Amino acid sequence: MVNIRYIFLINPTAGKANASVTLLPQIRAAAERAGISPEIVVTRHAGHAKEIAARVADGEPVRLYACGGDGTLNEVLQGTAGHEQVSVGCIPCGSGNDFVRNFGTQSDFLDLDAQLAAVSRPSDLIKTPQGFGIDIYAAGVDAQVANGISKWRRVPLCGGTTAYTLSILEAVFSSFRHKLRIVADSFERKDTYMMLAICNAQMYGGGYRAAPYARMDDGLLDVVLLKPVSRLKLPGLLKGYRKGEHLTPNGEVTPRFRPYMTFFRTRQIDIQVLDSIPLVTTLDGECSPQLNLHAEVARRSIHILLPPKLAQNTPVLRAMGE
């Protein structure tokens, strides 16, 4: 019988409260019910989760749970990408928790009994010069939005989706746009855009369904490009964009969005900024300015853990052999 290590990495600074206070006793109780002896580490500084993940990735089979927000999960991915003996789980305790929205609710992933019985599924990653991502690599107004979300979340009753929407409107009203040269497998164009999303998964930004039919194991990135939109039309388009109404199941842009949006799938993409103004990017919430972007599929380079009922029903990932 293969011995599997269970390691929980808890980020005490993720979210509004120290997650370790409630998680520590819950993990221990669930582990006792499952007959498992887990290792629990409370991270001490930025990058600590990545350091631990990289250290255990070359050893025996391990289930590594990132307990925090999308940033904590991103750290664990950086340290484990390409290591088949590692399966990564997410226990969402942060402010955004966009990753888990692709599969179910936050409460589904906070069920620790289900987490300890989780099913491992292979998933693609987005590989960029800035590191790996599992969800979405966004640029332009989207990334500027990511920088502004924290301010809006401090407003009472302003949750994840509302904060994201308000941050979008704030960014767009600053007349945000860039002239770009885009080259992909079967696509090449020079044009002006206000936002773009290079998607491995379906959802980001507190619940926006940017790529409603993306799969995380098909070897392709779903690319959404949006040209500048008038301020009068933008709120209505954003409402439809959040619901995924901009695309049909066969990958066509719907008539309402067709004047402004381009969609295609590709294995890799290069984007050059032609107006010499750095383009703000966000890779699973980690922001940086860039003049040249590159993204490609890292095919099935990570295994992720899904609670059993979600693993059976998700359209985002297949079981092995399907």
# chains A, B, ... in the order shown; residues from 1 in each chain; ligands from 1
$ closest_atom_pairs --of "range 50-80 of chain A" --to "range 92-103 of chain A" --cutoff "10 Å" --atoms "only C-alpha atoms" --output "JSON lines"
{"residue": "A:Tyr65", "atom": "CA", "partner": "A:Pro92", "partner_atom": "CA", "distance": 9.9}
{"residue": "A:Ala66", "atom": "CA", "partner": "A:Pro92", "partner_atom": "CA", "distance": 8.0}
{"residue": "A:Cys67", "atom": "CA", "partner": "A:Pro92", "partner_atom": "CA", "distance": 6.0}
{"residue": "A:Gly68", "atom": "CA", "partner": "A:Cys93", "partner_atom": "CA", "distance": 4.4}
{"residue": "A:Gly69", "atom": "CA", "partner": "A:Gly94", "partner_atom": "CA", "distance": 3.6}
{"residue": "A:Asp70", "atom": "CA", "partner": "A:Asn97", "partner_atom": "CA", "distance": 5.5}
{"residue": "A:Gly71", "atom": "CA", "partner": "A:Gly94", "partner_atom": "CA", "distance": 8.4}
{"residue": "A:Thr72", "atom": "CA", "partner": "A:Gly94", "partner_atom": "CA", "distance": 8.6}
{"residue": "A:Leu73", "atom": "CA", "partner": "A:Phe99", "partner_atom": "CA", "distance": 8.7}
{"residue": "A:Asn74", "atom": "CA", "partner": "A:Phe99", "partner_atom": "CA", "distance": 10.0}
$ select_by_dssp --residues "range 220-258 of chain A" --states "strand (DSSP E)" --output "number ranges by chain"
A: 221-226
$ closest_atom_pairs --of "range 111-136 of chain A" --to "range 194-209 of chain A" --cutoff "9 Å" --atoms "only C-alpha atoms" --output "JSON lines"
{"residue": "A:Asp124", "atom": "CA", "partner": "A:Asn200", "partner_atom": "CA", "distance": 7.3}
{"residue": "A:Leu125", "atom": "CA", "partner": "A:Asn200", "partner_atom": "CA", "distance": 6.9}
{"residue": "A:Ile126", "atom": "CA", "partner": "A:Asn200", "partner_atom": "CA", "distance": 6.7}
{"residue": "A:Gly133", "atom": "CA", "partner": "A:Asn200", "partner_atom": "CA", "distance": 8.4}
{"residue": "A:Ile134", "atom": "CA", "partner": "A:Asn200", "partner_atom": "CA", "distance": 6.3}
{"residue": "A:Asp135", "atom": "CA", "partner": "A:Ala201", "partner_atom": "CA", "distance": 4.8}
{"residue": "A:Ile136", "atom": "CA", "partner": "A:Cys199", "partner_atom": "CA", "distance": 4.5}
$ residues_around --residues "Val229 in chain A" --least-positions-apart "5" --cutoff "10 Å" --atoms "only C-alpha atoms" --output "short mmCIF file (atom, residue, chain, number, x, y, z; two decimals) with N, CA and C atoms, in the first residue's frame"
data_model
loop_
_atom_site.label_atom_id
_atom_site.label_comp_id
_atom_site.auth_asym_id
_atom_site.auth_seq_id
_atom_site.Cartn_x
_atom_site.Cartn_y
_atom_site.Cartn_z
N VAL A 172 -12.65 51.56 -16.28
CA VAL A 172 -13.11 51.89 -17.62
C VAL A 172 -13.36 53.38 -17.77
N SER A 175 -10.85 55.70 -19.30
CA SER A 175 -10.55 55.56 -20.74
C SER A 175 -9.37 54.63 -20.98
N TYR A 193 -7.54 47.32 -27.76
CA TYR A 193 -8.39 46.56 -26.85
C TYR A 193 -8.40 47.21 -25.47
N MET A 194 -9.49 46.97 -24.76
CA MET A 194 -9.58 47.47 -23.39
C MET A 194 -9.38 46.36 -22.36
N LEU A 234 -21.53 49.76 -21.68
CA LEU A 234 -20.68 48.86 -20.91
C LEU A 234 -21.39 48.16 -19.76
N PRO A 235 -22.17 48.85 -18.91
CA PRO A 235 -22.80 48.13 -17.78
C PRO A 235 -23.65 46.94 -18.22
N LEU A 237 -23.33 45.16 -21.00
CA LEU A 237 -22.46 44.11 -21.52
C LEU A 237 -21.75 43.38 -20.38
N PRO A 259 -19.95 43.00 -32.12
CA PRO A 259 -19.22 44.20 -32.56
C PRO A 259 -17.96 44.51 -31.75
N TYR A 260 -17.86 43.94 -30.56
CA TYR A 260 -16.78 44.32 -29.65
C TYR A 260 -15.84 43.18 -29.29
N MET A 261 -16.25 41.95 -29.46
CA MET A 261 -15.52 40.83 -28.87
C MET A 261 -15.01 39.86 -29.94
#
$ residues_around --residues "Ala34 in chain A" --least-positions-apart "4" --cutoff "10 Å" --atoms "only C-alpha atoms" --output "PyMOL selection string"
chain A and resi 28-30+113+116-117
$ write_last_selection --atoms "N, CA, C and O atoms" --output "mmCIF file, in the first residue's frame"
data_model
loop_
_atom_site.group_PDB
_atom_site.id
_atom_site.type_symbol
_atom_site.label_atom_id
_atom_site.label_comp_id
_atom_site.auth_asym_id
_atom_site.auth_seq_id
_atom_site.Cartn_x
_atom_site.Cartn_y
_atom_site.Cartn_z
ATOM 1 N N ARG A 28 -7.840 18.586 12.467
ATOM 2 C CA ARG A 28 -7.484 17.485 13.365
ATOM 3 C C ARG A 28 -8.669 16.560 13.601
ATOM 4 O O ARG A 28 -8.517 15.330 13.642
ATOM 5 N N ALA A 29 -9.867 17.129 13.755
ATOM 6 C CA ALA A 29 -11.052 16.304 13.992
ATOM 7 C C ALA A 29 -11.393 15.461 12.757
ATOM 8 O O ALA A 29 -11.695 14.258 12.873
ATOM 9 N N ALA A 30 -11.337 16.061 11.578
ATOM 10 C CA ALA A 30 -11.632 15.317 10.347
ATOM 11 C C ALA A 30 -10.588 14.243 10.100
ATOM 12 O O ALA A 30 -10.921 13.125 9.660
ATOM 13 N N ASP A 113 -14.100 16.607 5.657
ATOM 14 C CA ASP A 113 -14.259 15.164 5.455
ATOM 15 C C ASP A 113 -14.216 14.856 3.961
ATOM 16 O O ASP A 113 -13.574 13.881 3.531
ATOM 17 N N LEU A 116 -10.589 15.221 2.590
ATOM 18 C CA LEU A 116 -9.693 14.096 2.872
ATOM 19 C C LEU A 116 -10.027 12.878 2.020
ATOM 20 O O LEU A 116 -9.192 11.987 1.852
ATOM 21 N N ALA A 117 -11.247 12.849 1.467
ATOM 22 C CA ALA A 117 -11.648 11.767 0.558
ATOM 23 C C ALA A 117 -11.621 12.233 -0.895
ATOM 24 O O ALA A 117 -12.186 11.568 -1.767
#
$ atom_distance --atom1 "CA of Gly244 in chain A" --atom2 "CA of Asp185 in chain A"
24.3 Å
$ residues_around --residues "Asp108 in chain A" --least-positions-apart "3" --cutoff "12 Å" --atoms "only C-alpha atoms" --output "ChimeraX atom specification"
/A:90-92,100-105,111-115,118,306-311
$ closest_residue --among "A:Lys227, A:Leu110, A:Ile7, A:Gly131" --to "Ala19 in chain A" --atoms "only C-alpha atoms"
A:Leu110
$ select_by_dssp --residues "range 20-242 of chain A" --states "helix (DSSP H, G or I)" --output "ChimeraX atom specification"
/A:20-34,48-56,70-80,98-101,106-109,112-116,141-153,160-172,234-242
$ closest_residue --among "A:Ile27, A:Ile52, A:Ile182, A:Ala57" --to "Ile302 in chain A" --atoms "only C-alpha atoms"
A:Ala57
$ closest_residue --among "A:Thr266, A:His45, A:Arg258, A:Asp222" --to "Tyr137 in chain A" --atoms "only C-alpha atoms"
A:Asp222
$ residues_around --residues "range 76-82 of chain A" --least-positions-apart "6" --cutoff "6 Å" --atoms "only C-alpha atoms" --output "list of chain:residue names"
A:Ala49, A:Lys50, A:Ala53, A:Ala54, A:Ala57, A:Ser301, A:Ile302
